[in-house]
>>> print(open('work_35.txt').read())   # compact mmCIF, C-alpha atoms
# COMPACT_ATOMS: atom_id res chain seq x y z
CA MET A 1 125.48 80.30 95.64
CA ILE A 2 123.52 80.51 92.39
CA LEU A 3 120.63 78.62 93.96
CA GLU A 4 120.58 81.05 96.92
CA LYS A 5 120.41 84.06 94.58
CA TYR A 6 117.67 82.39 92.53
CA SER A 7 115.68 81.57 95.67
CA LEU A 8 115.96 85.14 96.96
CA PHE A 9 114.99 86.55 93.56
CA THR A 10 112.01 84.19 93.35
CA TYR A 11 110.88 85.17 96.85
CA VAL A 12 111.18 88.90 96.13
CA MET A 13 109.26 88.61 92.88
CA TRP A 14 106.61 86.40 94.52
CA SER A 15 106.17 88.78 97.45
CA LYS A 16 105.79 91.79 95.13
CA GLU A 17 103.11 90.06 93.06
CA ARG A 18 101.19 88.58 95.97
CA THR A 19 98.20 90.58 97.17
CA VAL A 20 96.10 90.66 100.30
CA PRO A 21 92.39 91.45 99.94
CA GLY A 22 91.64 95.05 100.94
CA LYS A 23 95.26 96.15 100.76
CA ASP A 24 97.08 97.98 98.01
CA ARG A 25 100.73 97.42 97.21
CA ASP A 26 103.24 99.97 95.94
CA LYS A 27 104.49 98.61 92.59
CA GLU A 28 108.03 99.93 93.08
CA SER A 29 108.78 98.81 96.64
CA GLY A 30 106.30 95.97 97.02
CA LYS A 31 105.27 97.39 100.40
CA TYR A 32 101.65 97.70 101.42
CA THR A 33 100.25 101.21 101.35
CA THR A 34 98.11 102.59 104.15
CA SER A 35 94.51 101.76 103.49
CA TYR A 36 93.05 103.08 106.74
CA THR A 37 92.73 106.71 107.74
CA ASP A 38 92.91 108.14 111.24
CA SER A 39 89.22 108.98 110.97
CA ASP A 40 88.45 105.29 110.31
CA PHE A 41 89.66 104.56 113.85
CA VAL A 42 88.06 107.59 115.51
CA ASP A 43 84.75 106.86 113.75
CA ALA A 44 84.94 103.22 114.84
CA ILE A 45 85.24 104.31 118.48
CA ARG A 46 82.22 106.59 118.01
CA ARG A 47 80.18 103.74 116.49
CA LEU A 48 81.16 101.56 119.45
CA ASP A 49 79.52 103.96 121.93
CA GLY A 50 82.59 106.15 122.38
CA MET A 51 84.66 103.54 124.20
CA ALA A 52 86.16 100.28 122.95
CA GLY A 53 89.08 97.87 123.21
CA THR A 54 91.72 97.40 120.54
CA SER A 55 90.25 94.15 119.18
CA GLU A 56 86.75 95.61 118.90
CA ILE A 57 88.10 98.62 117.00
CA ALA A 58 90.18 96.38 114.72
CA ASP A 59 87.08 94.32 113.91
CA GLU A 60 85.05 97.45 113.24
CA VAL A 61 87.70 98.95 110.93
CA GLY A 62 88.54 95.62 109.29
CA CYS A 63 92.26 95.55 110.07
CA THR A 64 94.55 93.46 112.22
CA ARG A 65 94.78 94.05 115.94
CA ARG A 66 98.43 95.07 115.50
CA THR A 67 97.54 97.70 112.88
CA ALA A 68 94.77 99.04 115.10
CA TYR A 69 97.02 99.22 118.17
CA THR A 70 99.77 101.06 116.27
CA ARG A 71 97.36 103.63 114.84
CA LEU A 72 95.46 104.06 118.12
CA LYS A 73 98.71 104.62 120.02
CA SER A 74 99.68 107.32 117.51
CA LEU A 75 96.27 109.00 117.84
CA ASP A 76 96.66 108.85 121.63
CA GLU A 77 100.08 110.52 121.45
CA ASN A 78 98.59 113.26 119.24
CA GLY A 79 95.78 113.89 121.75
CA GLU A 80 92.96 112.87 119.41
CA ILE A 81 91.91 109.93 121.60
CA GLU A 82 92.80 108.71 125.09
CA SER A 83 93.61 105.29 126.47
CA ARG A 84 92.75 103.95 129.88
CA GLU A 85 93.87 100.72 131.49
CA VAL A 86 91.09 98.41 132.54
CA GLY A 87 92.59 95.31 134.09
CA ASN A 88 95.21 94.09 131.62
CA SER A 89 93.56 95.79 128.64
CA LEU A 90 93.49 99.23 127.09
CA VAL A 91 90.20 100.97 126.43
CA TRP A 92 90.21 103.81 123.90
CA ILE A 93 87.93 106.82 124.18
CA ILE A 94 87.43 110.00 122.19
CA SER A 95 89.20 113.03 123.66
CA GLU A 96 86.79 115.85 124.44
>>> encode(input="work_35.txt", output="structure tokens")
Amino acid sequence: MILEKYSLFTYVMWSKERTVPGKDRDKESGKYTTSYTDSDFVDAIRRLDGMAGTSEIADEVGCTRRTAYTRLKSLDENGEIESREVGNSLVWIISE
């Protein structure tokens, strides 16, 4: 039991001190803070000729594909961008 508590404590302390390049961490919670704005994603689509896939946008912004997809989906739901299915992929475009 003591070993389990020590291991959990060690993991929590290690995870709070560990950093990922380009990401900031909240000192209290240890959670990563948002380091990308909505405009980062909209501007990336513009730089990619106004239409791009999730992976291309993620590469342009410098985030993971998962982060890009989550943010793009939110922007789509808010009407700032639109998604279209092309085969098995989503293409994101700027809403006009």
>>> residues_around(input="work_35.txt", residues="Arg46 in chain A", least_positions_apart="2", cutoff="12 Å", atoms="all atoms listed in the file", output="PyMOL selection string")
chain A and resi 39-44+48-52+56-57+60-61+81+92-95
>>> residues_near_point(input="work_35.txt", point="(92.7, 99.5, 107.8)", cutoff="7 Å", atoms="all atoms listed in the file", output="PDB file with C-alpha atoms, keeping the file's coordinate frame")
ATOM      1  CA  SER A  35      94.510 101.760 103.490  1.00  0.00           C
ATOM      2  CA  TYR A  36      93.050 103.080 106.740  1.00  0.00           C
ATOM      3  CA  VAL A  61      87.700  98.950 110.930  1.00  0.00           C
ATOM      4  CA  GLY A  62      88.540  95.620 109.290  1.00  0.00           C
ATOM      5  CA  CYS A  63      92.260  95.550 110.070  1.00  0.00           C
TER       6      CYS A  63
END
>>> atom_distance(input="work_35.txt", atom1="CA of Arg71 in chain A", atom2="CA of Ser29 in chain A")
22.0 Å
>>> closest_residue(input="work_35.txt", among="A:Asn78, A:Asn88, A:Lys27, A:Gly53", to="Arg65 in chain A", atoms="only C-alpha atoms")
A:Gly53
>>> closest_residue(input="work_35.txt", among="A:Asp38, A:Thr54, A:Asp76, A:Lys31", to="Ser89 in chain A", atoms="only C-alpha atoms")
A:Thr54
>>> axis_aligned_box(input="work_35.txt", around="range 71-84 of chain A", padding_each_side="3 Å", output="JSON")
{"center_x": 96.0, "center_y": 108.8, "center_z": 122.4, "size_x": 14.2, "size_y": 16.3, "size_z": 21.0}
>>> build_atoms(input="work_35.txt", residues="range 52-63 of chain A", atoms="N, CA, C and O atoms", output="PDB file, in the frame of the given file")
ATOM      1  N   ALA A  52      86.003 101.648 123.447  1.00  0.00           N
ATOM      2  CA  ALA A  52      86.160 100.280 122.950  1.00  0.00           C
ATOM      3  C   ALA A  52      87.592  99.801 123.136  1.00  0.00           C
ATOM      4  O   ALA A  52      88.522 100.605 123.245  1.00  0.00           O
ATOM      5  N   GLY A  53      87.760  98.490 123.135  1.00  0.00           N
ATOM      6  CA  GLY A  53      89.080  97.870 123.210  1.00  0.00           C
ATOM      7  C   GLY A  53      89.700  97.772 121.815  1.00  0.00           C
ATOM      8  O   GLY A  53      89.025  97.936 120.800  1.00  0.00           O
ATOM      9  N   THR A  54      90.966  97.472 121.787  1.00  0.00           N
ATOM     10  CA  THR A  54      91.720  97.400 120.540  1.00  0.00           C
ATOM     11  C   THR A  54      91.121  96.375 119.574  1.00  0.00           C
ATOM     12  O   THR A  54      90.941  96.661 118.389  1.00  0.00           O
ATOM     13  N   SER A  55      90.796  95.198 120.052  1.00  0.00           N
ATOM     14  CA  SER A  55      90.250  94.150 119.180  1.00  0.00           C
ATOM     15  C   SER A  55      88.902  94.539 118.591  1.00  0.00           C
ATOM     16  O   SER A  55      88.635  94.281 117.416  1.00  0.00           O
ATOM     17  N   GLU A  56      88.063  95.162 119.402  1.00  0.00           N
ATOM     18  CA  GLU A  56      86.750  95.610 118.900  1.00  0.00           C
ATOM     19  C   GLU A  56      86.927  96.647 117.795  1.00  0.00           C
ATOM     20  O   GLU A  56      86.223  96.602 116.779  1.00  0.00           O
ATOM     21  N   ILE A  57      87.843  97.572 117.998  1.00  0.00           N
ATOM     22  CA  ILE A  57      88.100  98.620 117.000  1.00  0.00           C
ATOM     23  C   ILE A  57      88.669  97.996 115.729  1.00  0.00           C
ATOM     24  O   ILE A  57      88.256  98.343 114.617  1.00  0.00           O
ATOM     25  N   ALA A  58      89.602  97.064 115.888  1.00  0.00           N
ATOM     26  CA  ALA A  58      90.180  96.380 114.720  1.00  0.00           C
ATOM     27  C   ALA A  58      89.096  95.678 113.918  1.00  0.00           C
ATOM     28  O   ALA A  58      89.062  95.763 112.685  1.00  0.00           O
ATOM     29  N   ASP A  59      88.186  94.993 114.596  1.00  0.00           N
ATOM     30  CA  ASP A  59      87.080  94.320 113.910  1.00  0.00           C
ATOM     31  C   ASP A  59      86.190  95.309 113.186  1.00  0.00           C
ATOM     32  O   ASP A  59      85.763  95.065 112.059  1.00  0.00           O
ATOM     33  N   GLU A  60      85.911  96.425 113.824  1.00  0.00           N
ATOM     34  CA  GLU A  60      85.050  97.450 113.240  1.00  0.00           C
ATOM     35  C   GLU A  60      85.681  98.073 111.995  1.00  0.00           C
ATOM     36  O   GLU A  60      85.008  98.314 110.992  1.00  0.00           O
ATOM     37  N   VAL A  61      86.981  98.331 112.053  1.00  0.00           N
ATOM     38  CA  VAL A  61      87.700  98.950 110.930  1.00  0.00           C
ATOM     39  C   VAL A  61      87.974  97.921 109.837  1.00  0.00           C
ATOM     40  O   VAL A  61      87.982  98.246 108.655  1.00  0.00           O
ATOM     41  N   GLY A  62      88.220  96.668 110.250  1.00  0.00           N
ATOM     42  CA  GLY A  62      88.540  95.620 109.290  1.00  0.00           C
ATOM     43  C   GLY A  62      90.035  95.430 109.090  1.00  0.00           C
ATOM     44  O   GLY A  62      90.495  95.038 108.021  1.00  0.00           O
ATOM     45  N   CYS A  63      90.801  95.701 110.141  1.00  0.00           N
ATOM     46  CA  CYS A  63      92.260  95.550 110.070  1.00  0.00           C
ATOM     47  C   CYS A  63      92.719  94.580 111.152  1.00  0.00           C
ATOM     48  O   CYS A  63      91.916  94.107 111.944  1.00  0.00           O
TER      49      CYS A  63
END
